[in-house]
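Take a look at the structure below.
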Amino acid sequence: QVTSDASGPNGLFRATATISAGDADRYQRAGRLPLELAGPSGERRRSEGHAQLVGARGVSVISDIDDTVKISNVRDRRALMANTFLNPFEAIPGMARAYAAWAEGGAVFHYISSSPWQLYSALSQFFAESGLPAGSFHLREIGLGDRSFLDLFDTPADAKVPTIAEIIRRWPQRRFVLVVDSGEQAPEIYARIYREFPGNVLHIFIRNVTDEGDAAPRHREVFADVPRERWTVFTD
């Protein structure tokens, strides 16, 4: 049984699907629930996808996409546009291998990006080809014909905070590993998330793209009230 809100101007909508306990158990073991969206009666259109099923307890990884698992060069506007719309997507060396090991250990993944939902197909194909574990995607809702498209690359970094907070609140008994790069205000944002959910955040990993290591004044200040064993700046 599925109930759905009406779609918005950009065509996006939210829906709630109710399934039997037996099906829920079977699909949760697989980790994903296959979905098919059919058009009005008589139409041949079919859209296929899946929902990620996440248990009440366990470890989740909330990972940024741009410059964390995918080379985007967010700090260079021209390079960012080229890497988003023109160039083939390129993976960060070693990240797929690390994430695959975490997934093998039972972690589930939630991927965050300011990229618009229109790039989901390309991103999901890139993830599959790169060997990155499947997970839920949390992208930006944007309409190609409205003002938000013109502001695509001017999104404040802290716009991701509500999305991350919503994920943690949805699974209050899970523990979270946060992975992000050191560009823009990302470390500041993730430190803020830790302060709001100290009992839920196991660790924060920061990929060093700004030549600022653990001892950098910026990181010492940002994480001054975060236990030292809860955050790590890494290059490899």
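Just remember, in the structure tokens the first chain shown is A, the second B, etc., residues are 1-based per chain, and ligands are 1-based in the order shown.
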
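Within 12 Å of Val226 in chain A, once only C-alpha atoms are used and residues closer than 5 positions along the same chain are dropped, the contacting residues are A:Pro187, A:Glu188, A:Tyr190, A:Ala191, A:Arg192, A:Ile193, A:Tyr194, A:Arg195, A:Glu196, A:Phe197, A:Pro198, A:Gly199, A:Val201, A:Leu202, A:His203, A:Ile204, A:His219, A:Arg220, A:Glu221, A:Trp231, A:Thr232.
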
Pick out the residues sitting within 10 Å of Asn208 in chain A, and hand them over as JSON, numbers by chain; count only C-alpha atoms, and ignore anything fewer than 5 positions along from it in its own chain.
{"A": [67, 68, 180, 181, 182, 183, 213, 214, 232, 233, 234, 235, 236]}

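Among the residues of range 44-128 of chain A, backbone DSSP assigns strand (DSSP E) to Arg46, Ser47, Glu48, Gly49, His50, Ala51, Gln52, Val59, Ser60, Val61, Ile62, Ser63, Asp64, Val108, Phe109, His110, Tyr111, Ile112, Ser113, Ser114, Ser115 and Pro116 of chain A.
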
Requested write-out: N, CA, C and O atoms of the selected residues, as a PDB file, in the first residue's frame:
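Once written, part-v2.pdb looks like this:
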```
ATOM      1  N   ARG A  46       7.172   3.375 -17.226  1.00  0.00           N
ATOM      2  CA  ARG A  46       7.525   2.712 -15.988  1.00  0.00           C
ATOM      3  C   ARG A  46       8.865   3.282 -15.506  1.00  0.00           C
ATOM      4  O   ARG A  46       9.792   3.426 -16.290  1.00  0.00           O
ATOM      5  N   SER A  47       8.931   3.610 -14.246  1.00  0.00           N
ATOM      6  CA  SER A  47      10.182   4.075 -13.653  1.00  0.00           C
ATOM      7  C   SER A  47      10.564   3.113 -12.539  1.00  0.00           C
ATOM      8  O   SER A  47       9.741   2.798 -11.674  1.00  0.00           O
ATOM      9  N   GLU A  48      11.787   2.621 -12.586  1.00  0.00           N
ATOM     10  CA  GLU A  48      12.237   1.653 -11.595  1.00  0.00           C
ATOM     11  C   GLU A  48      13.271   2.285 -10.665  1.00  0.00           C
ATOM     12  O   GLU A  48      14.015   3.192 -11.042  1.00  0.00           O
ATOM     13  N   GLY A  49      13.316   1.809  -9.450  1.00  0.00           N
ATOM     14  CA  GLY A  49      14.287   2.287  -8.480  1.00  0.00           C
ATOM     15  C   GLY A  49      14.298   1.359  -7.282  1.00  0.00           C
ATOM     16  O   GLY A  49      13.848   0.219  -7.357  1.00  0.00           O
ATOM     17  N   HIS A  50      14.820   1.845  -6.173  1.00  0.00           N
ATOM     18  CA  HIS A  50      14.819   1.046  -4.959  1.00  0.00           C
ATOM     19  C   HIS A  50      14.862   1.968  -3.753  1.00  0.00           C
ATOM     20  O   HIS A  50      15.283   3.124  -3.839  1.00  0.00           O
ATOM     21  N   ALA A  51      14.406   1.452  -2.630  1.00  0.00           N
ATOM     22  CA  ALA A  51      14.512   2.141  -1.346  1.00  0.00           C
ATOM     23  C   ALA A  51      15.509   1.383  -0.482  1.00  0.00           C
ATOM     24  O   ALA A  51      15.545   0.148  -0.503  1.00  0.00           O
ATOM     25  N   GLN A  52      16.325   2.118   0.249  1.00  0.00           N
ATOM     26  CA  GLN A  52      17.269   1.481   1.168  1.00  0.00           C
ATOM     27  C   GLN A  52      16.560   1.228   2.494  1.00  0.00           C
ATOM     28  O   GLN A  52      15.936   2.123   3.052  1.00  0.00           O
ATOM     29  N   VAL A  59      25.527   0.822  12.530  1.00  0.00           N
ATOM     30  CA  VAL A  59      26.409   1.940  12.193  1.00  0.00           C
ATOM     31  C   VAL A  59      26.084   2.445  10.793  1.00  0.00           C
ATOM     32  O   VAL A  59      25.981   1.653   9.849  1.00  0.00           O
ATOM     33  N   SER A  60      25.913   3.751  10.669  1.00  0.00           N
ATOM     34  CA  SER A  60      25.690   4.395   9.385  1.00  0.00           C
ATOM     35  C   SER A  60      26.849   5.332   9.088  1.00  0.00           C
ATOM     36  O   SER A  60      27.406   5.948   9.997  1.00  0.00           O
ATOM     37  N   VAL A  61      27.184   5.449   7.807  1.00  0.00           N
ATOM     38  CA  VAL A  61      28.197   6.394   7.358  1.00  0.00           C
ATOM     39  C   VAL A  61      27.489   7.499   6.579  1.00  0.00           C
ATOM     40  O   VAL A  61      26.813   7.228   5.591  1.00  0.00           O
ATOM     41  N   ILE A  62      27.607   8.726   7.047  1.00  0.00           N
ATOM     42  CA  ILE A  62      27.101   9.880   6.309  1.00  0.00           C
ATOM     43  C   ILE A  62      28.296  10.501   5.605  1.00  0.00           C
ATOM     44  O   ILE A  62      29.205  11.020   6.248  1.00  0.00           O
ATOM     45  N   SER A  63      28.304  10.425   4.289  1.00  0.00           N
ATOM     46  CA  SER A  63      29.469  10.845   3.514  1.00  0.00           C
ATOM     47  C   SER A  63      29.115  11.958   2.535  1.00  0.00           C
ATOM     48  O   SER A  63      28.111  11.879   1.827  1.00  0.00           O
ATOM     49  N   ASP A  64      29.948  12.977   2.504  1.00  0.00           N
ATOM     50  CA  ASP A  64      29.866  13.946   1.430  1.00  0.00           C
ATOM     51  C   ASP A  64      30.259  13.255   0.126  1.00  0.00           C
ATOM     52  O   ASP A  64      30.931  12.207   0.142  1.00  0.00           O
ATOM     53  N   VAL A 108      25.930   0.930   6.779  1.00  0.00           N
ATOM     54  CA  VAL A 108      25.104   1.392   5.660  1.00  0.00           C
ATOM     55  C   VAL A 108      25.486   2.846   5.381  1.00  0.00           C
ATOM     56  O   VAL A 108      26.040   3.535   6.236  1.00  0.00           O
ATOM     57  N   PHE A 109      25.167   3.318   4.154  1.00  0.00           N
ATOM     58  CA  PHE A 109      25.687   4.599   3.700  1.00  0.00           C
ATOM     59  C   PHE A 109      24.576   5.569   3.314  1.00  0.00           C
ATOM     60  O   PHE A 109      23.551   5.175   2.749  1.00  0.00           O
ATOM     61  N   HIS A 110      24.837   6.837   3.601  1.00  0.00           N
ATOM     62  CA  HIS A 110      23.967   7.944   3.209  1.00  0.00           C
ATOM     63  C   HIS A 110      24.870   8.994   2.573  1.00  0.00           C
ATOM     64  O   HIS A 110      25.806   9.492   3.220  1.00  0.00           O
ATOM     65  N   TYR A 111      24.615   9.345   1.316  1.00  0.00           N
ATOM     66  CA  TYR A 111      25.484  10.245   0.571  1.00  0.00           C
ATOM     67  C   TYR A 111      24.830  11.618   0.424  1.00  0.00           C
ATOM     68  O   TYR A 111      23.676  11.730   0.001  1.00  0.00           O
ATOM     69  N   ILE A 112      25.602  12.672   0.753  1.00  0.00           N
ATOM     70  CA  ILE A 112      25.109  14.044   0.770  1.00  0.00           C
ATOM     71  C   ILE A 112      25.821  14.861  -0.300  1.00  0.00           C
ATOM     72  O   ILE A 112      27.037  14.765  -0.464  1.00  0.00           O
ATOM     73  N   SER A 113      25.065  15.692  -1.029  1.00  0.00           N
ATOM     74  CA  SER A 113      25.688  16.560  -2.025  1.00  0.00           C
ATOM     75  C   SER A 113      24.783  17.746  -2.320  1.00  0.00           C
ATOM     76  O   SER A 113      23.556  17.661  -2.193  1.00  0.00           O
ATOM     77  N   SER A 114      25.414  18.859  -2.733  1.00  0.00           N
ATOM     78  CA  SER A 114      24.650  20.013  -3.208  1.00  0.00           C
ATOM     79  C   SER A 114      24.287  19.877  -4.675  1.00  0.00           C
ATOM     80  O   SER A 114      23.632  20.753  -5.242  1.00  0.00           O
ATOM     81  N   SER A 115      24.727  18.793  -5.315  1.00  0.00           N
ATOM     82  CA  SER A 115      24.351  18.542  -6.710  1.00  0.00           C
ATOM     83  C   SER A 115      22.839  18.332  -6.807  1.00  0.00           C
ATOM     84  O   SER A 115      22.221  17.810  -5.883  1.00  0.00           O
ATOM     85  N   PRO A 116      22.234  18.734  -7.916  1.00  0.00           N
ATOM     86  CA  PRO A 116      20.777  18.591  -8.062  1.00  0.00           C
ATOM     87  C   PRO A 116      20.375  17.151  -8.344  1.00  0.00           C
ATOM     88  O   PRO A 116      21.172  16.342  -8.834  1.00  0.00           O
TER      89      PRO A 116
END
```

Option closest in space to Glu36 in chain A, from A:Glu141, A:Ala17, A:Phe89, A:Glu166 [counting only C-alpha atoms]:
A:Ala17
